[in-house]
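Chemist: Supplied structure: final.pdb, PDB, C-alpha atoms.
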```
ATOM      1  CA  MET A1211      95.657 105.140 102.911
ATOM      2  CA  THR A1212      92.077 103.990 102.592
ATOM      3  CA  LEU A1213      90.106 102.779 105.591
ATOM      4  CA  ALA A1214      87.109 100.647 104.618
ATOM      5  CA  GLY A1215      84.342  99.624 106.953
ATOM      6  CA  VAL A1216      80.926 100.547 108.302
ATOM      7  CA  VAL A1217      80.026 103.878 109.910
ATOM      8  CA  HIS A1218      77.286 104.632 112.391
ATOM      9  CA  ARG A1219      76.156 107.491 114.604
ATOM     10  CA  PRO A1220      77.194 106.703 118.162
ATOM     11  CA  GLU A1221      74.902 107.094 121.149
ATOM     12  CA  GLY A1222      75.401 107.378 124.898
ATOM     13  CA  ASP A1223      78.895 106.676 126.203
ATOM     14  CA  GLU A1224      80.159 105.860 122.725
ATOM     15  CA  PHE A1225      79.039 109.306 121.541
ATOM     16  CA  THR A1226      80.806 110.980 124.463
ATOM     17  CA  SER A1227      84.008 109.049 123.752
ATOM     18  CA  ALA A1228      83.868 109.819 120.022
ATOM     19  CA  ARG A1229      83.140 113.498 120.657
ATOM     20  CA  ASP A1230      85.991 113.780 123.173
ATOM     21  CA  ALA A1231      88.381 111.984 120.801
ATOM     22  CA  HIS A1232      87.525 114.369 117.964
ATOM     23  CA  VAL A1233      88.020 117.463 120.126
ATOM     24  CA  ALA A1234      91.335 116.057 121.391
ATOM     25  CA  ALA A1235      92.531 115.417 117.828
ATOM     26  CA  VAL A1236      91.229 118.652 116.265
ATOM     27  CA  GLU A1237      91.624 121.577 118.651
ATOM     28  CA  ALA A1238      89.356 123.896 116.638
ATOM     29  CA  ALA A1239      86.522 121.360 116.971
ATOM     30  CA  LYS A1240      85.669 122.802 120.377
ATOM     31  CA  TYR A1241      84.159 125.761 118.499
ATOM     32  CA  TYR A1242      81.862 123.774 116.180
ATOM     33  CA  ILE A1243      81.323 120.323 117.667
ATOM     34  CA  ASP A1244      77.961 121.244 119.204
ATOM     35  CA  TYR A1245      76.484 123.025 116.172
ATOM     36  CA  THR A1246      73.343 121.387 114.837
ATOM     37  CA  ASP A1247      74.818 121.023 111.371
ATOM     38  CA  PHE A1248      77.759 118.965 112.675
ATOM     39  CA  SER A1249      77.535 115.298 113.600
ATOM     40  CA  VAL A1250      79.915 112.670 114.908
ATOM     41  CA  TRP A1251      80.217 109.297 113.212
ATOM     42  CA  VAL A1252      82.274 106.246 114.131
ATOM     43  CA  LEU A1253      84.036 104.085 111.549
ATOM     44  CA  HIS A1254      84.490 100.401 112.378
ATOM     45  CA  VAL A1255      87.452  99.482 110.200
ATOM     46  CA  ASP A1256      87.192  96.199 108.300
ATOM     47  CA  ARG A1257      90.138  96.655 105.940
ATOM     48  CA  VAL A1258      93.026  99.042 105.356
ATOM     49  CA  ARG A1259      94.597  99.641 101.953
ATOM     50  CA  TRP A1260      97.821 101.583 101.496
ATOM     51  CA  VAL A1261      99.245 102.783  98.167
ATOM     52  CA  GLY A1262     102.675 104.395  98.322
ATOM     53  CA  GLY A1263     103.434 104.719  94.623
ATOM     54  CA  TYR A1264     103.921 102.484  91.627
ATOM     55  CA  GLY A1265     104.267  98.901  92.827
ATOM     56  CA  ARG A1266     104.266  99.928  96.506
ATOM     57  CA  MET A1267     101.041  98.841  98.148
ATOM     58  CA  ALA A1268      99.721  96.667 100.931
ATOM     59  CA  SER A1269      96.561  95.889 102.820
ATOM     60  CA  ALA A1270      95.784  94.866 106.377
ATOM     61  CA  THR A1271      92.876  93.274 108.157
ATOM     62  CA  SER A1272      90.951  95.079 110.871
ATOM     63  CA  THR A1273      92.699  92.867 113.438
ATOM     64  CA  ASP A1274      96.130  93.968 112.178
ATOM     65  CA  TYR A1275      94.986  97.596 112.047
ATOM     66  CA  HIS A1276      93.746  97.594 115.634
ATOM     67  CA  ALA A1277      96.886  95.804 116.868
ATOM     68  CA  ALA A1278      99.207  98.343 115.217
ATOM     69  CA  THR A1279     101.150 100.772 117.393
ATOM     70  CA  PRO A1280     102.856 104.033 116.454
ATOM     71  CA  ASP A1281     106.476 103.723 115.412
ATOM     72  CA  PRO A1282     108.647 104.780 118.393
ATOM     73  CA  ILE A1283     111.663 105.647 116.213
ATOM     74  CA  LEU A1284     110.292 107.690 113.308
ATOM     75  CA  PRO A1285     109.311 110.819 115.295
ATOM     76  CA  LYS A1286     112.764 110.968 116.917
ATOM     77  CA  ALA A1287     114.972 109.986 113.984
ATOM     78  CA  ALA A1288     115.613 113.340 112.241
ATOM     79  CA  TYR A1289     118.994 113.917 113.895
ATOM     80  CA  GLY A1290     120.115 110.352 113.168
ATOM     81  CA  VAL A1291     119.082 110.620 109.508
ATOM     82  CA  GLU A1292     120.883 113.962 109.201
ATOM     83  CA  HIS A1293     124.003 112.472 110.810
ATOM     84  CA  LEU A1294     123.981 109.441 108.503
ATOM     85  CA  ASN A1295     123.755 111.662 105.426
ATOM     86  CA  ALA A1296     126.385 114.144 106.629
ATOM     87  CA  ASP A1297     128.983 111.719 107.990
ATOM     88  CA  HIS A1298     128.298 108.237 106.617
ATOM     89  CA  ALA A1299     127.455 108.587 102.923
ATOM     90  CA  ASP A1300     129.961 105.820 102.123
ATOM     91  CA  ALA A1301     128.179 103.388 104.459
ATOM     92  CA  LEU A1302     124.774 104.295 103.002
ATOM     93  CA  LEU A1303     126.117 103.613  99.511
ATOM     94  CA  LEU A1304     127.435 100.195 100.584
ATOM     95  CA  MET A1305     124.052  99.393 102.128
ATOM     96  CA  ALA A1306     122.248 100.342  98.910
ATOM     97  CA  GLN A1307     124.655  98.307  96.789
ATOM     98  CA  HIS A1308     124.864  95.151  98.912
ATOM     99  CA  LEU A1309     121.638  95.101 100.944
ATOM    100  CA  GLY A1310     119.210  97.321  99.039
ATOM    101  CA  GLY A1311     119.262  95.614  95.651
ATOM    102  CA  TYR A1312     121.147  98.326  93.729
ATOM    103  CA  PRO A1313     124.670  97.061  92.981
ATOM    104  CA  ASP A1314     125.101  99.861  90.419
ATOM    105  CA  ALA A1315     124.217 102.625  92.887
ATOM    106  CA  THR A1316     126.486 105.663  92.770
ATOM    107  CA  ARG A1317     124.866 107.535  95.662
ATOM    108  CA  ALA A1318     122.461 106.802  98.507
ATOM    109  CA  VAL A1319     120.681 109.269 100.769
ATOM    110  CA  CYS A1320     118.818 108.236 103.901
ATOM    111  CA  THR A1321     115.259 109.564 103.780
ATOM    112  CA  ARG A1322     113.916 107.984 106.981
ATOM    113  CA  ALA A1323     114.662 105.676 109.857
ATOM    114  CA  ASP A1324     111.947 103.707 111.620
ATOM    115  CA  ARG A1325     111.724 100.667 113.876
ATOM    116  CA  TYR A1326     112.337  98.249 111.007
ATOM    117  CA  GLY A1327     115.057  99.889 108.936
ATOM    118  CA  LEU A1328     116.233 102.734 106.760
ATOM    119  CA  GLY A1329     114.568 104.272 103.731
ATOM    120  CA  LEU A1330     117.099 105.215 101.059
ATOM    121  CA  GLN A1331     116.904 107.222  97.870
ATOM    122  CA  VAL A1332     119.379 105.628  95.500
ATOM    123  CA  THR A1333     120.985 107.164  92.424
ATOM    124  CA  THR A1334     122.070 104.796  89.633
ATOM    125  CA  PRO A1335     123.102 105.303  86.001
ATOM    126  CA  ARG A1336     119.444 104.491  85.199
ATOM    127  CA  GLY A1337     118.064 107.236  87.462
ATOM    128  CA  TRP A1338     116.918 107.298  91.058
ATOM    129  CA  ALA A1339     114.807 104.831  93.023
ATOM    130  CA  PRO A1340     113.630 104.276  96.572
ATOM    131  CA  THR A1341     114.739 101.223  98.529
ATOM    132  CA  ARG A1342     114.674  99.947 102.087
ATOM    133  CA  VAL A1343     117.319  98.261 104.153
ATOM    134  CA  GLY A1344     115.971  96.378 107.142
ATOM    135  CA  TYR A1345     117.775  96.120 110.467
ATOM    136  CA  LEU A1346     118.778  92.658 111.614
ATOM    137  CA  GLU A1347     116.160  93.035 114.396
ATOM    138  CA  PRO A1348     113.485  95.725 114.878
ATOM    139  CA  ILE A1349     114.407  98.478 117.351
ATOM    140  CA  ASN A1350     112.088 100.127 119.853
ATOM    141  CA  ASP A1351     114.329 102.802 121.350
ATOM    142  CA  ILE A1352     116.026 105.656 119.501
ATOM    143  CA  ALA A1353     119.166 104.883 121.512
ATOM    144  CA  ASP A1354     119.467 101.659 119.458
ATOM    145  CA  LEU A1355     119.543 103.441 116.080
ATOM    146  CA  ARG A1356     123.313 103.831 116.075
ATOM    147  CA  SER A1357     124.059 100.167 116.841
ATOM    148  CA  ALA A1358     121.467  98.994 114.293
ATOM    149  CA  THR A1359     123.043 101.091 111.513
ATOM    150  CA  VAL A1360     126.552  99.986 112.543
ATOM    151  CA  GLU A1361     125.371  96.356 112.174
ATOM    152  CA  LEU A1362     124.025  97.160 108.702
ATOM    153  CA  THR A1363     127.310  98.770 107.725
ATOM    154  CA  ARG A1364     129.279  95.721 108.897
ATOM    155  CA  LEU A1365     126.942  93.401 107.015
ATOM    156  CA  ALA A1366     127.188  95.492 103.818
ATOM    157  CA  ARG A1367     131.000  95.538 104.054
ATOM    158  CA  SER A1368     131.112  91.771 104.537
ATOM    159  CA  LYS A1369     129.132  91.283 101.316
ATOM    160  CA  GLY A1370     131.238  93.753  99.352
TER     161      GLY A1370
END
```
Would you give me this structure, written as structure tokens?

Modeler:
Amino acid sequence: MTLAGVVHRPEGDEFTSARDAHVAAVEAAKYYIDYTDFSVWVLHVDRVRWVGGYGRMASATSTDYHAATPDPILPKAAYGVEHLNADHADALLLMAQHLGGYPDATRAVCTRADRYGLGLQVTTPRGWAPTRVGYLEPINDIADLRSATVELTRLARSKG
């Protein structure tokens, strides 16, 4: 991810806030933050550019960047992803074939779950590829992961 914008050295209250934010984010900073050869700068983001691999990229405005919130599902989804792979490989395959754009898929493994859907690694006779399957509605609570994936499974079966 590339953040583009203008940087400046903060002063007064802005300096205090920036300094405190850096120490909160980097615990070891408390040892060096006040050295004379260290300085704090603030980046005012104008544009964000993300590149996730061949053909996987996006950009956002500073307004979109500042309005963004952390995904509430991703940090809590490991058990759900593990469960899907261990007990529901057949459903993941149906999702990849009928919702993920890989009708020739022979295997699908869930690699992540977030508020918008599932990331899948799909195996086909042509090799492997990543794909995403979006929930019918975004979810904001990990307790909704099960019902969202059940809805996806039903939808995939209805198309199969």

Chemist: Any idea what the distance is between CA of Leu1253 (chain A) and CA of Val1216 (chain A)?

Modeler: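 Between CA of Leu1253 (chain A) and CA of Val1216 (chain A) the gap is 5.7 Å.
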
Chemist: Specify as a list in words each residue included when the PyMOL selection byres ((chain A and resi 1254-1269) around 12) is applied to this file.

Modeler: Met1211, Thr1212, Leu1213, Ala1214, Gly1215, Val1216, Val1217, His1218, Arg1219, Pro1220, Trp1251, Val1252, Leu1253, Ala1270, Thr1271, Ser1272, Thr1273, Asp1274, Tyr1275, His1276, Ala1278, Ala1339, Pro1340, Thr1341 and Arg1342 of chain A

Chemist: Keeping only C-alpha atoms, write the selected residues to a file as a PDB file, in the frame of the given file.

Modeler:
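Below is the file selection03.pdb, written as the result:
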```pdb
ATOM      1  CA  MET A1211      95.657 105.140 102.911  1.00  0.00           C
ATOM      2  CA  THR A1212      92.077 103.990 102.592  1.00  0.00           C
ATOM      3  CA  LEU A1213      90.106 102.779 105.591  1.00  0.00           C
ATOM      4  CA  ALA A1214      87.109 100.647 104.618  1.00  0.00           C
ATOM      5  CA  GLY A1215      84.342  99.624 106.953  1.00  0.00           C
ATOM      6  CA  VAL A1216      80.926 100.547 108.302  1.00  0.00           C
ATOM      7  CA  VAL A1217      80.026 103.878 109.910  1.00  0.00           C
ATOM      8  CA  HIS A1218      77.286 104.632 112.391  1.00  0.00           C
ATOM      9  CA  ARG A1219      76.156 107.491 114.604  1.00  0.00           C
ATOM     10  CA  PRO A1220      77.194 106.703 118.162  1.00  0.00           C
ATOM     11  CA  TRP A1251      80.217 109.297 113.212  1.00  0.00           C
ATOM     12  CA  VAL A1252      82.274 106.246 114.131  1.00  0.00           C
ATOM     13  CA  LEU A1253      84.036 104.085 111.549  1.00  0.00           C
ATOM     14  CA  ALA A1270      95.784  94.866 106.377  1.00  0.00           C
ATOM     15  CA  THR A1271      92.876  93.274 108.157  1.00  0.00           C
ATOM     16  CA  SER A1272      90.951  95.079 110.871  1.00  0.00           C
ATOM     17  CA  THR A1273      92.699  92.867 113.438  1.00  0.00           C
ATOM     18  CA  ASP A1274      96.130  93.968 112.178  1.00  0.00           C
ATOM     19  CA  TYR A1275      94.986  97.596 112.047  1.00  0.00           C
ATOM     20  CA  HIS A1276      93.746  97.594 115.634  1.00  0.00           C
ATOM     21  CA  ALA A1278      99.207  98.343 115.217  1.00  0.00           C
ATOM     22  CA  ALA A1339     114.807 104.831  93.023  1.00  0.00           C
ATOM     23  CA  PRO A1340     113.630 104.276  96.572  1.00  0.00           C
ATOM     24  CA  THR A1341     114.739 101.223  98.529  1.00  0.00           C
ATOM     25  CA  ARG A1342     114.674  99.947 102.087  1.00  0.00           C
TER      26      ARG A1342
END
```

Chemist: Do you know which residues are at most 9 Å from Tyr1312 (chain A) counting all atoms listed in the file, after dropping those on the same chain fewer than 6 positions away, and could you put them as a ChimeraX atom specification?

Modeler: /A:1305-1306,1332-1334,1341

Chemist: In Å, how far is it from CA of Ala1323 (chain A) to CA of Leu1303 (chain A)?

Modeler: 15.6 Å

Chemist: Kindly indicate which residue among A:Cys1320, A:Val1343, A:Leu1309, A:Ala1315 lies nearest to Arg1367 (chain A), using only C-alpha atoms for the distances.

Modeler: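 Among the listed residues, A:Leu1309 lies closest to Arg1367 (chain A).
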
Chemist: Spell out the residues picked by the PyMOL selection byres ((chain A and resi 1350-1352) around 7) here, as number ranges by chain.

Modeler: A: 1282-1283, 1286, 1325, 1348-1349, 1353-1355

Chemist: Okay, now the selection with C-alpha atoms, as a compact mmCIF listing (two decimals), in the coordinates of the input?

Modeler:
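File selection36.txt, as written:
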```txt
# COMPACT_ATOMS: atom_id res chain seq x y z
CA PRO A 1282 108.65 104.78 118.39
CA ILE A 1283 111.66 105.65 116.21
CA LYS A 1286 112.76 110.97 116.92
CA ARG A 1325 111.72 100.67 113.88
CA PRO A 1348 113.48 95.72 114.88
CA ILE A 1349 114.41 98.48 117.35
CA ALA A 1353 119.17 104.88 121.51
CA ASP A 1354 119.47 101.66 119.46
CA LEU A 1355 119.54 103.44 116.08
```

Chemist: For CA of Gly1344 (chain A) and CA of Ala1277 (chain A), quote the distance in Å rounded to one decimal.

Modeler: 21.4 Å

Chemist: Which residues are close to region 1229-1240 of chain A, i.e. within 12 Å by only C-alpha atoms, leaving aside same-chain residues fewer than 3 positions away? Reply as a PyMOL selection string.

Modeler: chain A and resi 1219-1226+1243-1245+1248-1252

Chemist: Would you mind exporting the chosen residues as a CSV table (one decimal), keeping the file's coordinate frame, restricted to C-alpha atoms?

Modeler:
```csv
chain,number,residue,atom,x,y,z
A,1219,ARG,CA,76.2,107.5,114.6
A,1220,PRO,CA,77.2,106.7,118.2
A,1221,GLU,CA,74.9,107.1,121.1
A,1222,GLY,CA,75.4,107.4,124.9
A,1223,ASP,CA,78.9,106.7,126.2
A,1224,GLU,CA,80.2,105.9,122.7
A,1225,PHE,CA,79.0,109.3,121.5
A,1226,THR,CA,80.8,111.0,124.5
A,1243,ILE,CA,81.3,120.3,117.7
A,1244,ASP,CA,78.0,121.2,119.2
A,1245,TYR,CA,76.5,123.0,116.2
A,1248,PHE,CA,77.8,119.0,112.7
A,1249,SER,CA,77.5,115.3,113.6
A,1250,VAL,CA,79.9,112.7,114.9
A,1251,TRP,CA,80.2,109.3,113.2
A,1252,VAL,CA,82.3,106.2,114.1
```

Chemist: Which residue out of A:Arg1356, A:Arg1364, A:Lys1369, A:Arg1336 has the minimum interatomic distance to Ala1301 (chain A) when only C-alpha atoms are used?

Modeler: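 Closest residue, counting only C-alpha atoms: A:Arg1364.
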
Chemist: Evaluate the PyMOL selection byres ((chain A and resi 1321) around 12) on the structure here and hand back the selected residues as a PyMOL selection string.

Modeler: chain A and resi 1284+1287-1295+1302+1318-1320+1322-1324+1327-1332+1339-1343

Chemist: Select, from A:Thr1363, A:Gly1370, A:Pro1280, A:Gly1337, the residue with the minimum atom-to-atom distance to Asp1300 (chain A), counting all atoms listed in the file.

Modeler: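 Of A:Thr1363, A:Gly1370, A:Pro1280, A:Gly1337, the one nearest Asp1300 (chain A) is A:Thr1363, counting all atoms listed in the file.
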
Chemist: Taking the structure in the block just given, could you write region 1328-1363 of chain A with N, CA and C atoms, as a PDB file, in the first residue's frame?

Modeler:
```pdb
ATOM      1  N   LEU A1328     -15.660 -14.057   1.712  1.00  0.00           N
ATOM      2  CA  LEU A1328     -14.618 -15.057   1.893  1.00  0.00           C
ATOM      3  C   LEU A1328     -13.583 -14.959   0.784  1.00  0.00           C
ATOM      4  N   GLY A1329     -12.319 -15.103   1.149  1.00  0.00           N
ATOM      5  CA  GLY A1329     -11.249 -15.247   0.183  1.00  0.00           C
ATOM      6  C   GLY A1329     -11.009 -16.735  -0.007  1.00  0.00           C
ATOM      7  N   LEU A1330     -10.948 -17.171  -1.253  1.00  0.00           N
ATOM      8  CA  LEU A1330     -10.739 -18.585  -1.557  1.00  0.00           C
ATOM      9  C   LEU A1330      -9.521 -18.758  -2.445  1.00  0.00           C
ATOM     10  N   GLN A1331      -8.807 -19.844  -2.222  1.00  0.00           N
ATOM     11  CA  GLN A1331      -7.763 -20.272  -3.151  1.00  0.00           C
ATOM     12  C   GLN A1331      -8.338 -21.474  -3.883  1.00  0.00           C
ATOM     13  N   VAL A1332      -8.463 -21.332  -5.183  1.00  0.00           N
ATOM     14  CA  VAL A1332      -9.152 -22.316  -6.012  1.00  0.00           C
ATOM     15  C   VAL A1332      -8.144 -23.099  -6.837  1.00  0.00           C
ATOM     16  N   THR A1333      -8.342 -24.412  -6.905  1.00  0.00           N
ATOM     17  CA  THR A1333      -7.537 -25.266  -7.769  1.00  0.00           C
ATOM     18  C   THR A1333      -8.398 -25.675  -8.953  1.00  0.00           C
ATOM     19  N   THR A1334      -7.839 -25.521 -10.165  1.00  0.00           N
ATOM     20  CA  THR A1334      -8.525 -25.912 -11.399  1.00  0.00           C
ATOM     21  C   THR A1334      -7.543 -26.745 -12.230  1.00  0.00           C
ATOM     22  N   PRO A1335      -8.008 -27.366 -13.294  1.00  0.00           N
ATOM     23  CA  PRO A1335      -7.072 -28.073 -14.180  1.00  0.00           C
ATOM     24  C   PRO A1335      -5.994 -27.147 -14.765  1.00  0.00           C
ATOM     25  N   ARG A1336      -6.245 -25.844 -14.755  1.00  0.00           N
ATOM     26  CA  ARG A1336      -5.294 -24.864 -15.287  1.00  0.00           C
ATOM     27  C   ARG A1336      -4.314 -24.382 -14.245  1.00  0.00           C
ATOM     28  N   GLY A1337      -4.490 -24.777 -12.982  1.00  0.00           N
ATOM     29  CA  GLY A1337      -3.640 -24.297 -11.896  1.00  0.00           C
ATOM     30  C   GLY A1337      -4.497 -23.700 -10.796  1.00  0.00           C
ATOM     31  N   TRP A1338      -3.860 -22.907  -9.937  1.00  0.00           N
ATOM     32  CA  TRP A1338      -4.613 -22.311  -8.837  1.00  0.00           C
ATOM     33  C   TRP A1338      -4.816 -20.819  -9.080  1.00  0.00           C
ATOM     34  N   ALA A1339      -5.809 -20.260  -8.396  1.00  0.00           N
ATOM     35  CA  ALA A1339      -6.104 -18.836  -8.517  1.00  0.00           C
ATOM     36  C   ALA A1339      -6.842 -18.372  -7.263  1.00  0.00           C
ATOM     37  N   PRO A1340      -6.687 -17.099  -6.933  1.00  0.00           N
ATOM     38  CA  PRO A1340      -7.473 -16.556  -5.831  1.00  0.00           C
ATOM     39  C   PRO A1340      -8.818 -16.048  -6.344  1.00  0.00           C
ATOM     40  N   THR A1341      -9.833 -16.121  -5.516  1.00  0.00           N
ATOM     41  CA  THR A1341     -11.121 -15.519  -5.842  1.00  0.00           C
ATOM     42  C   THR A1341     -11.798 -15.083  -4.554  1.00  0.00           C
ATOM     43  N   ARG A1342     -12.821 -14.285  -4.691  1.00  0.00           N
ATOM     44  CA  ARG A1342     -13.608 -13.840  -3.542  1.00  0.00           C
ATOM     45  C   ARG A1342     -15.061 -14.155  -3.783  1.00  0.00           C
ATOM     46  N   VAL A1343     -15.737 -14.475  -2.694  1.00  0.00           N
ATOM     47  CA  VAL A1343     -17.174 -14.687  -2.723  1.00  0.00           C
ATOM     48  C   VAL A1343     -17.765 -13.753  -1.679  1.00  0.00           C
ATOM     49  N   GLY A1344     -18.569 -12.810  -2.138  1.00  0.00           N
ATOM     50  CA  GLY A1344     -19.134 -11.820  -1.227  1.00  0.00           C
ATOM     51  C   GLY A1344     -20.401 -12.304  -0.554  1.00  0.00           C
ATOM     52  N   TYR A1345     -20.562 -11.948   0.718  1.00  0.00           N
ATOM     53  CA  TYR A1345     -21.810 -12.244   1.425  1.00  0.00           C
ATOM     54  C   TYR A1345     -22.947 -11.470   0.770  1.00  0.00           C
ATOM     55  N   LEU A1346     -24.162 -11.876   1.044  1.00  0.00           N
ATOM     56  CA  LEU A1346     -25.320 -11.169   0.512  1.00  0.00           C
ATOM     57  C   LEU A1346     -25.419  -9.765   1.111  1.00  0.00           C
ATOM     58  N   GLU A1347     -24.983  -9.615   2.368  1.00  0.00           N
ATOM     59  CA  GLU A1347     -24.902  -8.328   3.060  1.00  0.00           C
ATOM     60  C   GLU A1347     -23.628  -8.332   3.898  1.00  0.00           C
ATOM     61  N   PRO A1348     -22.940  -7.197   4.038  1.00  0.00           N
ATOM     62  CA  PRO A1348     -21.772  -7.170   4.927  1.00  0.00           C
ATOM     63  C   PRO A1348     -22.162  -7.542   6.362  1.00  0.00           C
ATOM     64  N   ILE A1349     -21.211  -8.130   7.096  1.00  0.00           N
ATOM     65  CA  ILE A1349     -21.457  -8.479   8.495  1.00  0.00           C
ATOM     66  C   ILE A1349     -20.521  -7.650   9.376  1.00  0.00           C
ATOM     67  N   ASN A1350     -20.971  -7.368  10.586  1.00  0.00           N
ATOM     68  CA  ASN A1350     -20.175  -6.553  11.496  1.00  0.00           C
ATOM     69  C   ASN A1350     -19.906  -7.243  12.822  1.00  0.00           C
ATOM     70  N   ASP A1351     -20.379  -8.474  12.955  1.00  0.00           N
ATOM     71  CA  ASP A1351     -20.186  -9.220  14.199  1.00  0.00           C
ATOM     72  C   ASP A1351     -19.769 -10.640  13.823  1.00  0.00           C
ATOM     73  N   ILE A1352     -18.748 -11.147  14.489  1.00  0.00           N
ATOM     74  CA  ILE A1352     -18.251 -12.491  14.186  1.00  0.00           C
ATOM     75  C   ILE A1352     -19.341 -13.534  14.377  1.00  0.00           C
ATOM     76  N   ALA A1353     -20.306 -13.250  15.237  1.00  0.00           N
ATOM     77  CA  ALA A1353     -21.416 -14.187  15.453  1.00  0.00           C
ATOM     78  C   ALA A1353     -22.250 -14.389  14.183  1.00  0.00           C
ATOM     79  N   ASP A1354     -22.153 -13.464  13.227  1.00  0.00           N
ATOM     80  CA  ASP A1354     -22.918 -13.566  11.980  1.00  0.00           C
ATOM     81  C   ASP A1354     -22.181 -14.322  10.876  1.00  0.00           C
ATOM     82  N   LEU A1355     -20.946 -14.741  11.132  1.00  0.00           N
ATOM     83  CA  LEU A1355     -20.163 -15.434  10.105  1.00  0.00           C
ATOM     84  C   LEU A1355     -20.828 -16.729   9.673  1.00  0.00           C
ATOM     85  N   ARG A1356     -21.299 -17.499  10.630  1.00  0.00           N
ATOM     86  CA  ARG A1356     -21.931 -18.779  10.304  1.00  0.00           C
ATOM     87  C   ARG A1356     -23.142 -18.578   9.395  1.00  0.00           C
ATOM     88  N   SER A1357     -24.058 -17.694   9.769  1.00  0.00           N
ATOM     89  CA  SER A1357     -25.270 -17.508   8.963  1.00  0.00           C
ATOM     90  C   SER A1357     -24.931 -16.949   7.577  1.00  0.00           C
ATOM     91  N   ALA A1358     -23.917 -16.088   7.493  1.00  0.00           N
ATOM     92  CA  ALA A1358     -23.530 -15.540   6.191  1.00  0.00           C
ATOM     93  C   ALA A1358     -22.982 -16.629   5.270  1.00  0.00           C
ATOM     94  N   THR A1359     -22.187 -17.562   5.829  1.00  0.00           N
ATOM     95  CA  THR A1359     -21.639 -18.635   4.986  1.00  0.00           C
ATOM     96  C   THR A1359     -22.712 -19.675   4.659  1.00  0.00           C
ATOM     97  N   VAL A1360     -23.669 -19.880   5.554  1.00  0.00           N
ATOM     98  CA  VAL A1360     -24.792 -20.776   5.246  1.00  0.00           C
ATOM     99  C   VAL A1360     -25.601 -20.202   4.083  1.00  0.00           C
ATOM    100  N   GLU A1361     -25.834 -18.881   4.087  1.00  0.00           N
ATOM    101  CA  GLU A1361     -26.544 -18.233   2.973  1.00  0.00           C
ATOM    102  C   GLU A1361     -25.782 -18.419   1.658  1.00  0.00           C
ATOM    103  N   LEU A1362     -24.472 -18.281   1.700  1.00  0.00           N
ATOM    104  CA  LEU A1362     -23.664 -18.485   0.492  1.00  0.00           C
ATOM    105  C   LEU A1362     -23.776 -19.910  -0.014  1.00  0.00           C
ATOM    106  N   THR A1363     -23.749 -20.860   0.922  1.00  0.00           N
ATOM    107  CA  THR A1363     -23.866 -22.266   0.536  1.00  0.00           C
ATOM    108  C   THR A1363     -25.210 -22.533  -0.124  1.00  0.00           C
TER     109      THR A1363
END
```
